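S.K.: Contents of target33.txt (compact mmCIF, C-alpha atoms) are given next:
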```txt
# COMPACT_ATOMS: atom_id res chain seq x y z
CA MET A 24 27.39 81.98 65.98
CA SER A 25 28.79 81.00 62.60
CA GLN A 26 29.37 77.39 63.58
CA SER A 27 26.73 74.68 63.66
CA ARG A 28 25.97 73.57 67.20
CA SER A 29 27.17 70.00 66.78
CA ILE A 30 30.47 71.19 65.30
CA GLN A 31 30.94 73.61 68.20
CA LYS A 32 30.18 70.83 70.66
CA LEU A 33 32.84 68.58 69.12
CA LEU A 34 35.34 71.46 69.15
CA ASP A 35 34.66 71.98 72.86
CA GLU A 36 35.10 68.27 73.59
CA PHE A 37 38.46 68.13 71.82
CA GLU A 38 39.67 71.32 73.51
CA ARG A 39 39.14 69.68 76.89
CA LEU A 40 41.77 67.04 76.04
CA PRO A 41 45.32 67.63 77.31
CA GLY A 42 47.66 69.32 74.83
CA ILE A 43 44.84 70.29 72.44
CA GLY A 44 44.29 74.04 71.94
CA PRO A 45 41.61 75.77 69.85
CA LYS A 46 43.61 75.55 66.59
CA SER A 47 44.47 71.86 67.05
CA ALA A 48 40.86 71.10 67.92
CA GLN A 49 39.70 72.88 64.77
CA ARG A 50 42.19 70.99 62.62
CA ILE A 51 41.02 67.67 64.03
CA VAL A 52 37.32 68.50 63.71
CA TYR A 53 37.66 69.57 60.07
CA TYR A 54 39.69 66.42 59.44
CA LEU A 55 36.85 64.35 60.90
CA LEU A 56 34.25 66.26 58.85
CA ASN A 57 36.21 65.42 55.69
CA THR A 58 36.95 61.82 56.56
CA SER A 59 34.59 58.89 55.97
CA SER A 60 31.88 58.14 58.54
CA ILE A 61 33.47 54.71 59.02
CA ASP A 62 36.81 56.20 60.05
CA ALA A 63 35.16 58.69 62.38
CA SER A 64 32.99 56.11 64.09
CA ARG A 65 36.01 53.84 64.50
CA LEU A 66 37.48 56.56 66.71
CA ALA A 67 34.20 57.00 68.60
CA ASP A 68 33.85 53.23 69.08
CA ALA A 69 37.44 52.91 70.30
CA ILE A 70 36.75 55.53 72.98
CA VAL A 71 33.60 53.77 74.15
CA GLU A 72 35.29 50.36 74.05
CA VAL A 73 38.23 51.51 76.14
CA LYS A 74 35.95 52.92 78.83
CA GLU A 75 33.79 49.78 78.84
CA GLN A 76 36.54 47.18 78.85
CA VAL A 77 39.46 48.67 80.72
CA HIS A 78 39.77 48.13 84.47
CA PHE A 79 42.67 47.75 86.89
CA CYS A 80 44.56 44.44 87.00
CA PRO A 81 43.82 42.99 90.48
CA VAL A 82 47.47 41.88 90.85
CA CYS A 83 49.58 44.82 89.68
CA PHE A 84 47.01 47.63 89.10
CA ASN A 85 48.06 48.14 85.47
CA TYR A 86 45.20 48.71 83.02
CA ALA A 87 43.65 45.42 81.89
CA THR A 88 40.86 44.25 79.60
CA GLU A 89 41.06 40.53 80.42
CA GLU A 90 40.98 39.35 84.03
CA LEU A 91 44.71 40.07 84.37
CA CYS A 92 46.79 42.65 82.50
CA PRO A 93 48.88 41.32 79.55
CA ILE A 94 52.05 41.33 81.65
CA CYS A 95 50.69 39.46 84.70
CA ALA A 96 49.04 36.99 82.31
CA ASP A 97 52.34 36.29 80.52
CA ALA A 98 53.95 33.23 82.15
CA GLU A 99 57.21 33.88 80.28
CA ARG A 100 57.94 37.05 82.25
CA ASP A 101 60.51 36.77 85.04
CA GLN A 102 58.37 36.04 88.11
CA THR A 103 61.12 36.98 90.57
CA MET A 104 61.37 40.71 89.85
CA ILE A 105 58.87 43.52 90.32
CA CYS A 106 59.33 47.00 88.94
CA VAL A 107 57.35 49.52 91.01
CA VAL A 108 55.96 52.50 89.10
CA SER A 109 53.63 55.38 89.96
CA GLU A 110 51.24 55.19 87.00
CA PRO A 111 50.22 52.63 84.35
CA ARG A 112 51.69 54.88 81.62
CA ASP A 113 55.17 54.41 83.16
CA ILE A 114 54.99 50.70 82.28
CA GLY A 115 54.85 51.57 78.58
CA ALA A 116 57.96 53.74 78.94
CA ILE A 117 59.92 50.91 80.59
CA GLU A 118 58.65 48.24 78.20
CA ARG A 119 59.86 50.26 75.23
CA THR A 120 63.46 50.08 76.52
CA GLY A 121 63.38 46.26 76.26
CA GLU A 122 65.65 46.12 79.34
CA PHE A 123 63.18 44.62 81.79
CA ARG A 124 61.37 41.27 81.54
CA GLY A 125 59.90 41.02 85.04
CA LEU A 126 56.57 42.04 86.54
CA TYR A 127 55.23 45.44 87.57
CA HIS A 128 53.38 47.04 90.43
CA VAL A 129 51.51 50.30 89.92
CA LEU A 130 51.29 52.44 93.07
CA GLY A 131 48.61 54.75 91.69
CA GLY A 132 50.61 57.89 92.53
CA ALA A 133 53.45 58.93 94.80
CA ILE A 134 53.67 60.09 98.41
CA SER A 135 53.01 63.84 98.48
CA PRO A 136 52.07 65.59 101.74
CA ILE A 137 51.29 68.79 99.79
CA ASP A 138 48.69 67.01 97.65
CA GLY A 139 47.52 65.04 100.68
CA ILE A 140 48.67 61.70 99.26
CA SER A 141 49.92 59.43 102.04
CA PRO A 142 51.26 55.85 101.78
CA ASP A 143 47.75 54.62 102.60
CA ASP A 144 46.43 56.11 99.36
CA LEU A 145 48.82 53.95 97.31
CA THR A 146 48.68 50.20 96.61
CA ILE A 147 51.49 49.51 99.11
CA THR A 148 49.52 46.98 101.19
CA ASP A 149 48.84 44.99 98.01
CA LEU A 150 52.54 45.16 97.12
CA LEU A 151 53.54 43.80 100.55
CA LYS A 152 51.03 40.97 100.15
CA ARG A 153 52.53 40.10 96.73
CA LEU A 154 56.00 40.01 98.27
CA THR A 155 54.79 37.59 100.98
CA ASP A 156 52.81 35.34 98.65
CA THR A 157 55.35 34.97 95.83
CA ASP A 158 59.08 34.39 95.31
CA ILE A 159 60.18 37.92 94.51
CA THR A 160 63.92 38.40 94.93
CA GLU A 161 64.31 41.95 93.61
CA LEU A 162 62.20 45.07 93.61
CA ILE A 163 63.16 47.91 91.27
CA LEU A 164 61.83 51.27 92.40
CA ALA A 165 61.02 53.18 89.22
CA THR A 166 59.05 56.07 90.65
CA ASN A 167 59.71 59.44 89.02
CA PRO A 168 63.08 61.13 89.78
CA ASN A 169 61.38 64.09 91.49
CA VAL A 170 60.66 64.91 95.13
CA GLU A 171 57.50 62.79 95.44
CA GLY A 172 59.04 59.86 93.56
CA GLU A 173 62.22 59.92 95.65
CA THR A 174 60.22 60.16 98.88
CA THR A 175 58.14 57.17 97.82
CA ALA A 176 61.26 55.19 96.86
CA VAL A 177 62.96 55.87 100.20
CA TYR A 178 59.77 54.98 102.08
CA LEU A 179 59.39 51.68 100.21
CA ALA A 180 63.09 50.81 100.57
CA ARG A 181 62.90 51.20 104.37
CA LEU A 182 59.75 49.10 104.47
CA ILE A 183 60.88 46.26 102.20
CA LYS A 184 64.63 45.82 102.74
CA PRO A 185 64.02 44.20 106.17
CA LEU A 186 62.08 41.46 104.34
CA GLY A 187 65.40 40.30 102.81
CA ILE A 188 64.42 41.38 99.28
CA ARG A 189 66.95 43.20 97.13
CA VAL A 190 65.66 46.75 96.60
CA THR A 191 67.11 48.82 93.76
CA ARG A 192 66.47 52.25 92.32
CA LEU A 193 66.76 53.42 88.70
CA ALA A 194 70.22 54.93 88.16
CA SER A 195 70.65 58.63 88.02
CA GLY A 196 71.19 59.63 84.43
CA LEU A 197 67.55 60.47 84.18
CA PRO A 198 67.13 64.25 84.15
CA VAL A 199 66.24 65.07 87.76
CA GLY A 200 62.96 66.91 88.34
CA GLY A 201 61.61 65.45 85.10
CA ASP A 202 58.92 62.97 84.27
CA LEU A 203 59.66 59.29 83.68
CA GLU A 204 56.94 59.17 81.03
CA PHE A 205 58.88 61.49 78.71
CA ALA A 206 62.39 60.02 79.06
CA ASP A 207 63.95 58.68 75.86
CA GLU A 208 64.46 54.92 75.49
CA VAL A 209 68.28 54.99 75.64
CA THR A 210 68.49 57.07 78.83
CA LEU A 211 65.79 55.05 80.54
CA GLY A 212 67.37 51.78 79.33
CA ARG A 213 70.74 52.79 80.78
CA ALA A 214 69.06 53.76 84.03
CA ILE A 215 67.58 50.26 84.32
CA GLU A 216 70.92 48.65 83.43
CA SER A 217 72.90 50.50 86.12
CA ARG A 218 70.27 50.55 88.85
CA ARG A 219 71.82 50.97 92.30
CA GLU A 220 71.33 49.21 95.64
CA LEU A 221 69.40 51.16 98.26
CA MET B 52 52.72 43.55 73.78
CA SER B 53 52.48 45.30 77.12
CA GLN B 54 49.40 47.28 76.16
CA SER B 55 45.85 45.97 76.19
CA ARG B 56 44.44 45.66 72.68
CA SER B 57 41.65 48.19 73.14
CA ILE B 58 44.11 50.77 74.51
CA GLN B 59 46.44 50.18 71.56
CA LYS B 60 43.49 50.55 69.17
CA LEU B 61 42.53 53.90 70.67
CA LEU B 62 46.18 55.06 70.53
CA ASP B 63 46.26 54.16 66.82
CA GLU B 64 43.01 56.01 66.16
CA PHE B 65 44.27 59.20 67.83
CA GLU B 66 47.62 59.00 66.06
CA ARG B 67 45.82 59.09 62.72
CA LEU B 68 44.45 62.57 63.54
CA PRO B 69 46.36 65.58 62.16
CA GLY B 70 48.91 67.07 64.56
CA ILE B 71 48.76 64.17 67.01
CA GLY B 72 52.00 62.19 67.44
CA PRO B 73 52.60 59.08 69.57
CA LYS B 74 53.27 61.07 72.77
CA SER B 75 50.22 63.30 72.37
CA ALA B 76 48.06 60.27 71.62
CA GLN B 77 49.33 58.57 74.76
CA ARG B 78 48.66 61.64 76.87
CA ILE B 79 45.09 61.86 75.55
CA VAL B 80 44.39 58.14 75.98
CA TYR B 81 45.63 58.12 79.59
CA TYR B 82 43.54 61.22 80.21
CA LEU B 83 40.47 59.42 78.85
CA LEU B 84 41.26 56.33 80.95
CA ASN B 85 41.35 58.51 84.06
CA THR B 86 38.31 60.61 83.22
CA SER B 87 34.71 59.61 83.93
CA SER B 88 32.87 57.39 81.47
CA ILE B 89 30.34 60.19 81.00
CA ASP B 90 33.01 62.65 79.85
CA ALA B 91 34.56 60.09 77.53
CA SER B 92 31.29 59.09 75.94
CA ARG B 93 30.39 62.77 75.48
CA LEU B 94 33.40 62.99 73.17
CA ALA B 95 32.44 59.75 71.38
CA ASP B 96 28.83 60.92 70.98
CA ALA B 97 29.92 64.32 69.66
CA ILE B 98 31.98 62.60 66.95
CA VAL B 99 29.08 60.39 65.90
CA GLU B 100 26.62 63.30 66.01
CA VAL B 101 28.78 65.50 63.81
CA LYS B 102 29.08 62.79 61.17
CA GLU B 103 25.34 62.07 61.26
CA GLN B 104 24.05 65.63 61.24
CA VAL B 105 26.52 67.69 59.26
CA HIS B 106 26.04 68.13 55.50
CA PHE B 107 26.79 70.91 53.02
CA CYS B 108 24.51 73.96 52.93
CA PRO B 109 22.80 73.83 49.49
CA VAL B 110 23.24 77.60 49.07
CA CYS B 111 26.81 78.36 50.14
CA PHE B 112 28.36 74.88 50.72
CA ASN B 113 29.34 75.69 54.29
CA TYR B 114 28.79 72.88 56.82
CA ALA B 115 25.19 72.81 58.03
CA THR B 116 23.07 70.77 60.41
CA GLU B 117 19.73 72.42 59.65
CA GLU B 118 18.51 72.78 56.07
CA LEU B 119 20.65 75.92 55.64
CA CYS B 120 23.90 76.78 57.41
CA PRO B 121 23.63 79.26 60.33
CA ILE B 122 24.86 82.15 58.15
CA CYS B 123 22.51 81.62 55.19
CA ALA B 124 19.65 81.13 57.66
CA ASP B 125 20.41 84.46 59.39
CA ALA B 126 18.20 87.15 57.80
CA GLU B 127 20.17 89.90 59.56
CA ARG B 128 23.30 89.23 57.51
CA ASP B 129 24.01 91.68 54.66
CA GLN B 130 22.38 89.97 51.65
CA THR B 131 24.29 92.07 49.10
CA MET B 132 27.81 90.80 49.77
CA ILE B 133 29.37 87.39 49.29
CA CYS B 134 32.77 86.42 50.59
CA VAL B 135 34.21 83.56 48.52
CA VAL B 136 36.44 81.10 50.40
CA SER B 137 38.09 77.80 49.55
CA GLU B 138 37.05 75.73 52.57
CA PRO B 139 34.36 75.88 55.29
CA ARG B 140 37.08 76.37 57.94
CA ASP B 141 38.03 79.69 56.32
CA ILE B 142 34.58 81.04 57.27
CA GLY B 143 35.43 80.61 60.94
CA ALA B 144 38.65 82.58 60.48
CA ILE B 145 36.82 85.49 58.84
CA GLU B 146 33.91 85.45 61.30
CA ARG B 147 36.35 85.78 64.21
CA THR B 148 37.59 89.11 62.82
CA GLY B 149 34.08 90.61 63.17
CA GLU B 150 34.80 92.70 60.02
CA PHE B 151 32.35 90.99 57.68
CA ARG B 152 28.55 90.71 58.05
CA GLY B 153 27.63 89.41 54.59
CA LEU B 154 27.19 85.93 53.15
CA TYR B 155 29.72 83.32 52.10
CA HIS B 156 30.35 80.94 49.25
CA VAL B 157 32.60 77.91 49.73
CA LEU B 158 34.38 76.80 46.55
CA GLY B 159 35.45 73.44 47.96
CA GLY B 160 39.09 73.99 47.00
CA ALA B 161 41.15 76.12 44.66
CA ILE B 162 42.20 75.81 41.02
CA SER B 163 45.35 73.68 40.91
CA PRO B 164 46.48 72.07 37.62
CA ILE B 165 49.14 70.08 39.52
CA ASP B 166 46.52 68.45 41.76
CA GLY B 167 44.15 68.13 38.79
CA ILE B 168 41.61 70.57 40.27
CA SER B 169 39.96 72.59 37.50
CA PRO B 170 37.23 75.27 37.79
CA ASP B 171 34.67 72.53 37.07
CA ASP B 172 35.58 70.79 40.32
CA LEU B 173 34.64 73.88 42.35
CA THR B 174 31.17 75.28 43.12
CA ILE B 175 31.61 78.10 40.57
CA THR B 176 28.45 77.29 38.58
CA ASP B 177 26.44 77.51 41.81
CA LEU B 178 28.11 80.83 42.60
CA LEU B 179 27.19 82.26 39.19
CA LYS B 180 23.60 81.10 39.69
CA ARG B 181 23.50 82.87 43.09
CA LEU B 182 24.79 86.08 41.47
CA THR B 183 22.02 85.92 38.83
CA ASP B 184 19.21 85.06 41.25
CA THR B 185 19.98 87.55 44.03
CA ASP B 186 20.98 91.20 44.49
CA ILE B 187 24.66 90.78 45.19
CA THR B 188 26.62 94.00 44.66
CA GLU B 189 30.04 92.93 45.92
CA LEU B 190 32.05 89.76 45.88
CA ILE B 191 35.10 89.52 48.16
CA LEU B 192 37.59 86.92 46.99
CA ALA B 193 39.09 85.44 50.16
CA THR B 194 40.91 82.46 48.72
CA ASN B 195 44.31 81.72 50.27
CA PRO B 196 47.18 84.11 49.40
CA ASN B 197 49.16 81.32 47.69
CA VAL B 198 49.52 80.27 44.04
CA GLU B 199 46.29 78.24 43.85
CA GLY B 200 44.27 80.86 45.75
CA GLU B 201 45.57 83.74 43.59
CA THR B 202 44.90 81.76 40.40
CA THR B 203 41.35 81.09 41.55
CA ALA B 204 40.82 84.75 42.48
CA VAL B 205 42.06 85.99 39.08
CA TYR B 206 39.90 83.40 37.30
CA LEU B 207 36.78 84.42 39.24
CA ALA B 208 37.47 88.15 38.82
CA ARG B 209 37.65 87.76 35.02
CA LEU B 210 34.45 85.73 35.03
CA ILE B 211 32.36 87.94 37.31
CA LYS B 212 33.48 91.55 36.70
CA PRO B 213 31.66 91.59 33.30
CA LEU B 214 28.40 90.97 35.24
CA GLY B 215 28.73 94.47 36.73
CA ILE B 216 29.41 93.22 40.25
CA ARG B 217 32.17 94.82 42.31
CA VAL B 218 34.89 92.19 42.79
CA THR B 219 37.45 92.73 45.55
CA ARG B 220 40.36 90.75 46.94
CA LEU B 221 41.63 90.60 50.53
CA ALA B 222 44.42 93.16 50.94
CA SER B 223 47.98 92.03 51.03
CA GLY B 224 49.21 92.17 54.57
CA LEU B 225 48.48 88.50 54.93
CA PRO B 226 51.75 86.57 54.96
CA VAL B 227 52.08 85.34 51.37
CA GLY B 228 52.42 81.59 50.83
CA GLY B 229 50.61 81.03 54.12
CA ASP B 230 47.27 79.58 55.04
CA LEU B 231 44.24 81.79 55.65
CA GLU B 232 43.09 79.42 58.38
CA PHE B 233 46.08 80.28 60.58
CA ALA B 234 46.16 84.08 60.15
CA ASP B 235 45.68 86.10 63.34
CA GLU B 236 42.47 88.11 63.75
CA VAL B 237 44.08 91.57 63.49
CA THR B 238 45.97 90.85 60.26
CA LEU B 239 42.98 89.18 58.66
CA GLY B 240 40.68 91.97 59.86
CA ARG B 241 42.93 94.61 58.32
CA ALA B 242 43.04 92.63 55.09
CA ILE B 243 39.24 92.71 54.89
CA GLU B 244 39.15 96.45 55.74
CA SER B 245 41.59 97.44 52.98
CA ARG B 246 40.45 94.97 50.33
CA ARG B 247 41.37 96.15 46.81
CA GLU B 248 39.46 96.32 43.54
CA LEU B 249 40.38 93.72 40.92
```
Could you render the structure as structure tokens?
M.R.:
Amino acid sequence: MSQSRSIQKLLDEFERLPGIGPKSAQRIVYYLLNTSSIDASRLADAIVEVKEQVHFCPVCFNYATEELCPICADAERDQTMICVVSEPRDIGAIERTGEFRGLYHVLGGAISPIDGISPDDLTITDLLKRLTDTDITELILATNPNVEGETTAVYLARLIKPLGIRVTRLASGLPVGGDLEFADEVTLGRAIESRREL
Amino acid sequence: MSQSRSIQKLLDEFERLPGIGPKSAQRIVYYLLNTSSIDASRLADAIVEVKEQVHFCPVCFNYATEELCPICADAERDQTMICVVSEPRDIGAIERTGEFRGLYHVLGGAISPIDGISPDDLTITDLLKRLTDTDITELILATNPNVEGETTAVYLARLIKPLGIRVTRLASGLPVGGDLEFADEVTLGRAIESRREL
């Protein structure tokens, strides 16, 4: 082995990250070897800090470091609308469009019989409780425009429309079969703008 | 801000790494949020460990964690040949070809008047001392096949050939203007095999 053990170990750790192959890992590791110890330990500290501080918001199941996530804690957000998403990362995608000023609810996945994910595995009971306890007038279903996301949206629409709450779905315009996380701001913004009644 | 501060901080830290854009950083951070704390802190620890333990080998200026780097410490390597490279990462590229079993010398760059790098900024004095103190019979110049690398190779050849040591250069066959680090094994292996006298 031509590589020192601790360098090899760091290479291995970076290669385990998504989207990082052997060449990218090598580039990053040599960058870190050349950079100051302060810069490198800032990265290490940030990793540790995130794992120590981040938990799920008890209201919407977004990631949070305070008791509530920054969105639930923000009294200026529209308290009458909830946008339902599969994963916390989808919130970032919608926030970047600037088209939505309401609250969120993270399901923690989507209904998928193949993967053995049933409605009970999602935070649907918590969502229903929120709808009972607060004055929500509209629910936007922003699950991914793929089979699992559509199934989840239809399931939730059937469950919640009888409660007299307006239930909408992101407009088509999103590339079908794709991933909400990777949509561009304009397309996703338009999809929020022209959301349709279910 | 929709993102918790510690998540944003980690995103920023990853975006500063080479080859990592905003989307890649996000993918990695959400991966780390979903992974176990043990896995995440293994990455953090590996970063800290590398910065604490790694220094330059006093003989060849490769990265080392012990007193000598793994190659200088290996008595089974051919002690009569030195392959001269610009950067420690180039050693990895050559080792992967399996064509070279000698020692290395890392210059720490290449002669580049534009960037203000002169021969005095490289480890050339240390190389000359090694050639005097030991029984080296051949020096392979494996600097990059670009302007700076060629300049450095010509400079070293003129300096060292008078000492009666065989001085060779990696064969052309490497894509000119490219980076040695990114050459594929076969091409780089062939270049070592058919190295030419200078």
S.K.: Compute the set of chain B residues within 8 Å of chain A, using only C-alpha atoms, and express it as a PyMOL selection string.
M.R.: chain B and resi 52-58+60-61+64-65+68-70+75+78-79+81-84+88+91-102+104-105+114-116+120-122+140+142-143+146
S.K.: Could you tell me how far CA of Thr175 in chain A lies from CA of Leu203 in chain A, in Å and to one decimal?
M.R.: 14.4 Å
S.K.: Calculate how many Å separate CA of Ser169 in chain B from CA of Ala193 in chain B, rounding to one decimal.
M.R.: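 Value for the CA of Ser169 in chain B-CA of Ala193 in chain B distance: 18.1 Å.
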S.K.: One decimal, Å: what's the distance from CA of Ile137 in chain A over to CA of Leu164 in chain A, could you say?
M.R.: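 Distance between the two atoms: 21.7 Å.
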S.K.: Using all atoms listed in the file, pick whichever of B:Met132, B:Leu249, B:Leu221, B:Val237 has the shortest atom-to-atom distance to Asn195 in chain B.
M.R.: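 Between B:Met132, B:Leu249, B:Leu221, B:Val237, the residue approaching Asn195 in chain B most closely is B:Leu221.
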S.K.: Once you add 4 Å to each side, what are the centre and edge lengths of the axis-aligned box holding all listed atoms of range 62-72 of chain A? One decimal in Å, as AutoDock Vina command-line options, if you can.
M.R.:
```
--center_x 35.2 --center_y 54.5 --center_z 67.1 --size_x 12.5 --size_y 16.3 --size_z 22.1
```
S.K.: Show which residues sit within 12 Å of Thr176 in chain B, as a list in words. Count only C-alpha atoms, and ignore same-chain residues fewer than 2 positions away.
M.R.: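 Close residues of Thr176 in chain B: Val110, Cys111, His156, Val157, Leu158, Pro170, Asp171, Asp172, Leu173, Thr174, Leu178, Leu179, Lys180, Arg181, Leu182, Thr183, Leu207, Leu210 and Ile211 of chain B.
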S.K.: Give me a file of those residues, with C-alpha atoms, as an mmCIF file, keeping the file's coordinate frame.
M.R.:
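Written output follows (result15.cif):
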```
data_model
loop_
_atom_site.group_PDB
_atom_site.id
_atom_site.type_symbol
_atom_site.label_atom_id
_atom_site.label_comp_id
_atom_site.auth_asym_id
_atom_site.auth_seq_id
_atom_site.Cartn_x
_atom_site.Cartn_y
_atom_site.Cartn_z
ATOM 1 C CA VAL B 110 23.240 77.600 49.070
ATOM 2 C CA CYS B 111 26.810 78.360 50.140
ATOM 3 C CA HIS B 156 30.350 80.940 49.250
ATOM 4 C CA VAL B 157 32.600 77.910 49.730
ATOM 5 C CA LEU B 158 34.380 76.800 46.550
ATOM 6 C CA PRO B 170 37.230 75.270 37.790
ATOM 7 C CA ASP B 171 34.670 72.530 37.070
ATOM 8 C CA ASP B 172 35.580 70.790 40.320
ATOM 9 C CA LEU B 173 34.640 73.880 42.350
ATOM 10 C CA THR B 174 31.170 75.280 43.120
ATOM 11 C CA LEU B 178 28.110 80.830 42.600
ATOM 12 C CA LEU B 179 27.190 82.260 39.190
ATOM 13 C CA LYS B 180 23.600 81.100 39.690
ATOM 14 C CA ARG B 181 23.500 82.870 43.090
ATOM 15 C CA LEU B 182 24.790 86.080 41.470
ATOM 16 C CA THR B 183 22.020 85.920 38.830
ATOM 17 C CA LEU B 207 36.780 84.420 39.240
ATOM 18 C CA LEU B 210 34.450 85.730 35.030
ATOM 19 C CA ILE B 211 32.360 87.940 37.310
#
```
S.K.: Could you give me, as an mmCIF file with C-alpha atoms, keeping the file's coordinate frame, the residues within 9 Å of Ile163 in chain A, counting all atoms listed in the file and dropping anything in the same chain fewer than 2 positions from it?
M.R.:
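Written output follows (around.cif):
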```cif
data_model
loop_
_atom_site.group_PDB
_atom_site.id
_atom_site.type_symbol
_atom_site.label_atom_id
_atom_site.label_comp_id
_atom_site.auth_asym_id
_atom_site.auth_seq_id
_atom_site.Cartn_x
_atom_site.Cartn_y
_atom_site.Cartn_z
ATOM 1 C CA MET A 104 61.370 40.710 89.850
ATOM 2 C CA ILE A 105 58.870 43.520 90.320
ATOM 3 C CA CYS A 106 59.330 47.000 88.940
ATOM 4 C CA VAL A 107 57.350 49.520 91.010
ATOM 5 C CA VAL A 108 55.960 52.500 89.100
ATOM 6 C CA GLU A 161 64.310 41.950 93.610
ATOM 7 C CA ALA A 165 61.020 53.180 89.220
ATOM 8 C CA ARG A 189 66.950 43.200 97.130
ATOM 9 C CA VAL A 190 65.660 46.750 96.600
ATOM 10 C CA THR A 191 67.110 48.820 93.760
ATOM 11 C CA ARG A 192 66.470 52.250 92.320
ATOM 12 C CA LEU A 193 66.760 53.420 88.700
ATOM 13 C CA ILE A 215 67.580 50.260 84.320
ATOM 14 C CA ARG A 218 70.270 50.550 88.850
#
```
S.K.: Could you tell me which of B:Glu127, B:Cys108, B:Gly167, B:Glu118 comes closest to Tyr155 in chain B if we count all atoms listed in the file?
M.R.: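 Smallest distance to Tyr155 in chain B is found for B:Cys108.
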S.K.: As JSON, numbers by chain, please: the residues near Asp129 in chain B (cut-off 8 Å, all atoms listed in the file, same-chain neighbours under 4 positions excluded).
M.R.: {"B": [152, 153, 154]}
